[in-house]
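These notes concern the structure reproduced below.
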Amino acid sequence: MSLLSAQGITAFYGPSQALFGVDIEVGEGEVVALMGRNGMGKSTTIKVICRMLPEASGHVTFDSQDMAGVPSHRAAQAGIGLVPEGRRCFAPLTVEENLISAARPGAWDIAQVTRLFPQLAARMDQRAASLSGGEQQMLAIGRALMTNPRLLILDEATEGLAPVVRQEIWAAIGELKADAGLSILVVDKSLRELASVADRAVILERGKSVWTGKFETLDAEISHRFLGV
């Protein structure tokens with residue numbers, strides 16, 4: 001059964017149309033990769049799912065609830081947790097303050113977050129602005145987990161990070177899949193790392209879904225056609 005279903009989504013920024021028909025589903029406990037070249041509508045699709053941008057047509061449902069007209073904070077309360085592109089931690093706040101700012105009751109608390117990302121345990125009293133890029137990304141993921149979501153959305157979670165930090169993030173995503181049973185929608189460009197965690201993939205081209213399938217069936221020809229430079 002699908003936890004998230006978006007069907008026939010179109011969306012605009014003012015008079016400019018950005019999405020022309022996006023279809024995407026994420027099942028319970030499933031990891032889905034949302035892929036495509038830059039500017040093809042991935043982040044816009046995430047904005048629609050998170051209710052930060054209304055769809056002009058189509059339908060979004062989450063846990064069988066019609067999300068039309070639902071504001072973004074209600075989407076978060078319903079169980080959609082977002083790790084936004086660019087991290088966007090609250091720079092003046094400490095690590096602990098960032099984590100508790102979004103906390104909701106559930107299994108994910110500070111102890112669980114620091115188990116997943118031990119580096120944060122020693123940084124609790126540091127301001128987020130003083131952290132490295134990798135630590136800020138761990139904090140952004142931890143903050144989203146503190147909302148105790150049913151669906152975790154990761155928008156370019158490893159972009160711009162050092163290779164060793166990227167591997168730590170991918171290992172954490174793998175652990176979330178294996179141990180937490182979370183549904184995850186992940187945007188990233190790395191086919192090799194995505195192959196280790198993703199069950200299925202959806203590829204966007206010019207604001208429209210053009211390919212959907214099991215990740216292992218995403219062959220070189222499809223990759224070159226829709227993902228190559």
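Just remember, in the structure tokens the first chain shown is A, the second B, etc., residues are 1-based per chain, and ligands are 1-based in the order shown.
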
(Q) For the alpha helix (DSSP H) assignment from backbone DSSP, which residues of range 78-116 of chain A qualify? Please present them as a PyMOL selection string. (A) chain A and resi 78+95-101+110-116

> Do you know which residues are at most 12 Å from Gly69 in chain A counting only C-alpha atoms, after dropping those on the same chain fewer than 5 positions away, and could you put them as a list in words?
Replying inline: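 Once the nearby chain positions are removed, what remains is Val48, Ile49, Cys50, Arg51, Met52, Leu53, Pro54, Glu55, Ala56, His59, Val60, Thr61, Arg74 and Ala75 of chain A.
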
Please, could you write that set of residues out with N, CA and C atoms as a PDB file, in the first residue's frame?
ATOM      1  N   VAL A  48       5.812  20.527  -3.528  1.00  0.00           N
ATOM      2  CA  VAL A  48       4.395  20.181  -3.624  1.00  0.00           C
ATOM      3  C   VAL A  48       4.034  19.112  -2.597  1.00  0.00           C
ATOM      4  N   ILE A  49       4.862  18.093  -2.471  1.00  0.00           N
ATOM      5  CA  ILE A  49       4.600  17.032  -1.499  1.00  0.00           C
ATOM      6  C   ILE A  49       4.542  17.583  -0.084  1.00  0.00           C
ATOM      7  N   CYS A  50       5.459  18.505   0.220  1.00  0.00           N
ATOM      8  CA  CYS A  50       5.531  19.089   1.564  1.00  0.00           C
ATOM      9  C   CYS A  50       4.573  20.261   1.755  1.00  0.00           C
ATOM     10  N   ARG A  51       3.788  20.554   0.740  1.00  0.00           N
ATOM     11  CA  ARG A  51       2.757  21.578   0.769  1.00  0.00           C
ATOM     12  C   ARG A  51       3.310  22.991   0.880  1.00  0.00           C
ATOM     13  N   MET A  52       4.513  23.200   0.397  1.00  0.00           N
ATOM     14  CA  MET A  52       5.087  24.537   0.322  1.00  0.00           C
ATOM     15  C   MET A  52       4.754  25.213  -0.999  1.00  0.00           C
ATOM     16  N   LEU A  53       4.207  24.451  -1.931  1.00  0.00           N
ATOM     17  CA  LEU A  53       3.762  24.951  -3.222  1.00  0.00           C
ATOM     18  C   LEU A  53       2.531  24.145  -3.612  1.00  0.00           C
ATOM     19  N   PRO A  54       1.423  24.818  -3.943  1.00  0.00           N
ATOM     20  CA  PRO A  54       0.211  24.063  -4.298  1.00  0.00           C
ATOM     21  C   PRO A  54       0.293  23.501  -5.710  1.00  0.00           C
ATOM     22  N   GLU A  55      -0.294  22.341  -5.912  1.00  0.00           N
ATOM     23  CA  GLU A  55      -0.407  21.810  -7.252  1.00  0.00           C
ATOM     24  C   GLU A  55      -1.538  22.548  -7.979  1.00  0.00           C
ATOM     25  N   ALA A  56      -1.355  22.747  -9.278  1.00  0.00           N
ATOM     26  CA  ALA A  56      -2.421  23.357 -10.078  1.00  0.00           C
ATOM     27  C   ALA A  56      -3.447  22.312 -10.481  1.00  0.00           C
ATOM     28  N   HIS A  59      -3.405  15.126  -7.852  1.00  0.00           N
ATOM     29  CA  HIS A  59      -3.758  14.836  -6.464  1.00  0.00           C
ATOM     30  C   HIS A  59      -2.547  14.315  -5.693  1.00  0.00           C
ATOM     31  N   VAL A  60      -2.415  14.766  -4.461  1.00  0.00           N
ATOM     32  CA  VAL A  60      -1.419  14.243  -3.532  1.00  0.00           C
ATOM     33  C   VAL A  60      -2.155  13.673  -2.334  1.00  0.00           C
ATOM     34  N   THR A  61      -1.879  12.421  -2.018  1.00  0.00           N
ATOM     35  CA  THR A  61      -2.432  11.824  -0.807  1.00  0.00           C
ATOM     36  C   THR A  61      -1.285  11.287   0.038  1.00  0.00           C
ATOM     37  N   ARG A  74       0.967  21.365   8.771  1.00  0.00           N
ATOM     38  CA  ARG A  74       0.083  20.217   8.971  1.00  0.00           C
ATOM     39  C   ARG A  74       0.637  18.980   8.261  1.00  0.00           C
ATOM     40  N   ALA A  75       1.291  19.185   7.133  1.00  0.00           N
ATOM     41  CA  ALA A  75       1.936  18.059   6.451  1.00  0.00           C
ATOM     42  C   ALA A  75       3.032  17.469   7.319  1.00  0.00           C
TER      43      ALA A  75
END

Could you give me, as JSON lines, every range 119-159 of chain A residue with an atom at most 8 Å from range 85-106 of chain A, plus its closest atom pair and distance in Å to one decimal, counting only C-alpha atoms, rows ordered by chain then number?
{"residue": "A:Leu120", "atom": "CA", "partner": "A:Val95", "partner_atom": "CA", "distance": 7.5}
{"residue": "A:Arg123", "atom": "CA", "partner": "A:Val95", "partner_atom": "CA", "distance": 6.4}
{"residue": "A:Met124", "atom": "CA", "partner": "A:Val95", "partner_atom": "CA", "distance": 4.8}
{"residue": "A:Asp125", "atom": "CA", "partner": "A:Thr94", "partner_atom": "CA", "distance": 5.4}
{"residue": "A:Gln126", "atom": "CA", "partner": "A:Thr94", "partner_atom": "CA", "distance": 5.0}
{"residue": "A:Arg127", "atom": "CA", "partner": "A:Thr94", "partner_atom": "CA", "distance": 3.9}
{"residue": "A:Ala128", "atom": "CA", "partner": "A:Ala91", "partner_atom": "CA", "distance": 4.8}
{"residue": "A:Ala129", "atom": "CA", "partner": "A:Ala91", "partner_atom": "CA", "distance": 4.5}
{"residue": "A:Gln136", "atom": "CA", "partner": "A:Arg87", "partner_atom": "CA", "distance": 6.6}
{"residue": "A:Gln137", "atom": "CA", "partner": "A:Arg87", "partner_atom": "CA", "distance": 5.7}
{"residue": "A:Leu139", "atom": "CA", "partner": "A:Val95", "partner_atom": "CA", "distance": 7.0}
{"residue": "A:Ala140", "atom": "CA", "partner": "A:Arg87", "partner_atom": "CA", "distance": 5.7}
{"residue": "A:Gly142", "atom": "CA", "partner": "A:Leu99", "partner_atom": "CA", "distance": 6.7}
{"residue": "A:Arg143", "atom": "CA", "partner": "A:Leu99", "partner_atom": "CA", "distance": 4.7}
{"residue": "A:Ala144", "atom": "CA", "partner": "A:Ala102", "partner_atom": "CA", "distance": 7.4}
{"residue": "A:Met146", "atom": "CA", "partner": "A:Ala103", "partner_atom": "CA", "distance": 4.7}
{"residue": "A:Thr147", "atom": "CA", "partner": "A:Arg104", "partner_atom": "CA", "distance": 4.9}
{"residue": "A:Asn148", "atom": "CA", "partner": "A:Gly106", "partner_atom": "CA", "distance": 5.7}
{"residue": "A:Leu154", "atom": "CA", "partner": "A:Glu85", "partner_atom": "CA", "distance": 7.8}
{"residue": "A:Asp155", "atom": "CA", "partner": "A:Glu85", "partner_atom": "CA", "distance": 4.9}
{"residue": "A:Glu156", "atom": "CA", "partner": "A:Glu85", "partner_atom": "CA", "distance": 5.6}
{"residue": "A:Ala157", "atom": "CA", "partner": "A:Glu85", "partner_atom": "CA", "distance": 6.7}

| said: What does the structure give for the distance between CA of Arg200 in chain A and CA of Leu82 in chain A, in Å to one decimal? | reply: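 Between CA of Arg200 in chain A and CA of Leu82 in chain A the gap is 19.4 Å.
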
Min atom-atom distance to Trp108 in chain A from the set A:Ile46, A:Met35, A:Val22, A:Leu182, counting only C-alpha atoms, belongs to A:Leu182

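The gap separating CA of Ser5 in chain A from CA of Gly21 in chain A is 13.1 Å, in Å to one decimal.
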
Test item: residues at most 8 Å from Gly27 in chain A, only C-alpha atoms, excluding those fewer than 2 positions along its chain, as a VMD selection string:
chain A and resid 1 to 4 25 29 to 30 183

- Item | Selected residue, from A:Leu218, A:Ala195, A:Val186, A:Ala78, that lies nearest to Arg150 in chain A when counting only C-alpha atoms |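 So, comparing all the options, the nearest one is A:Ala78.
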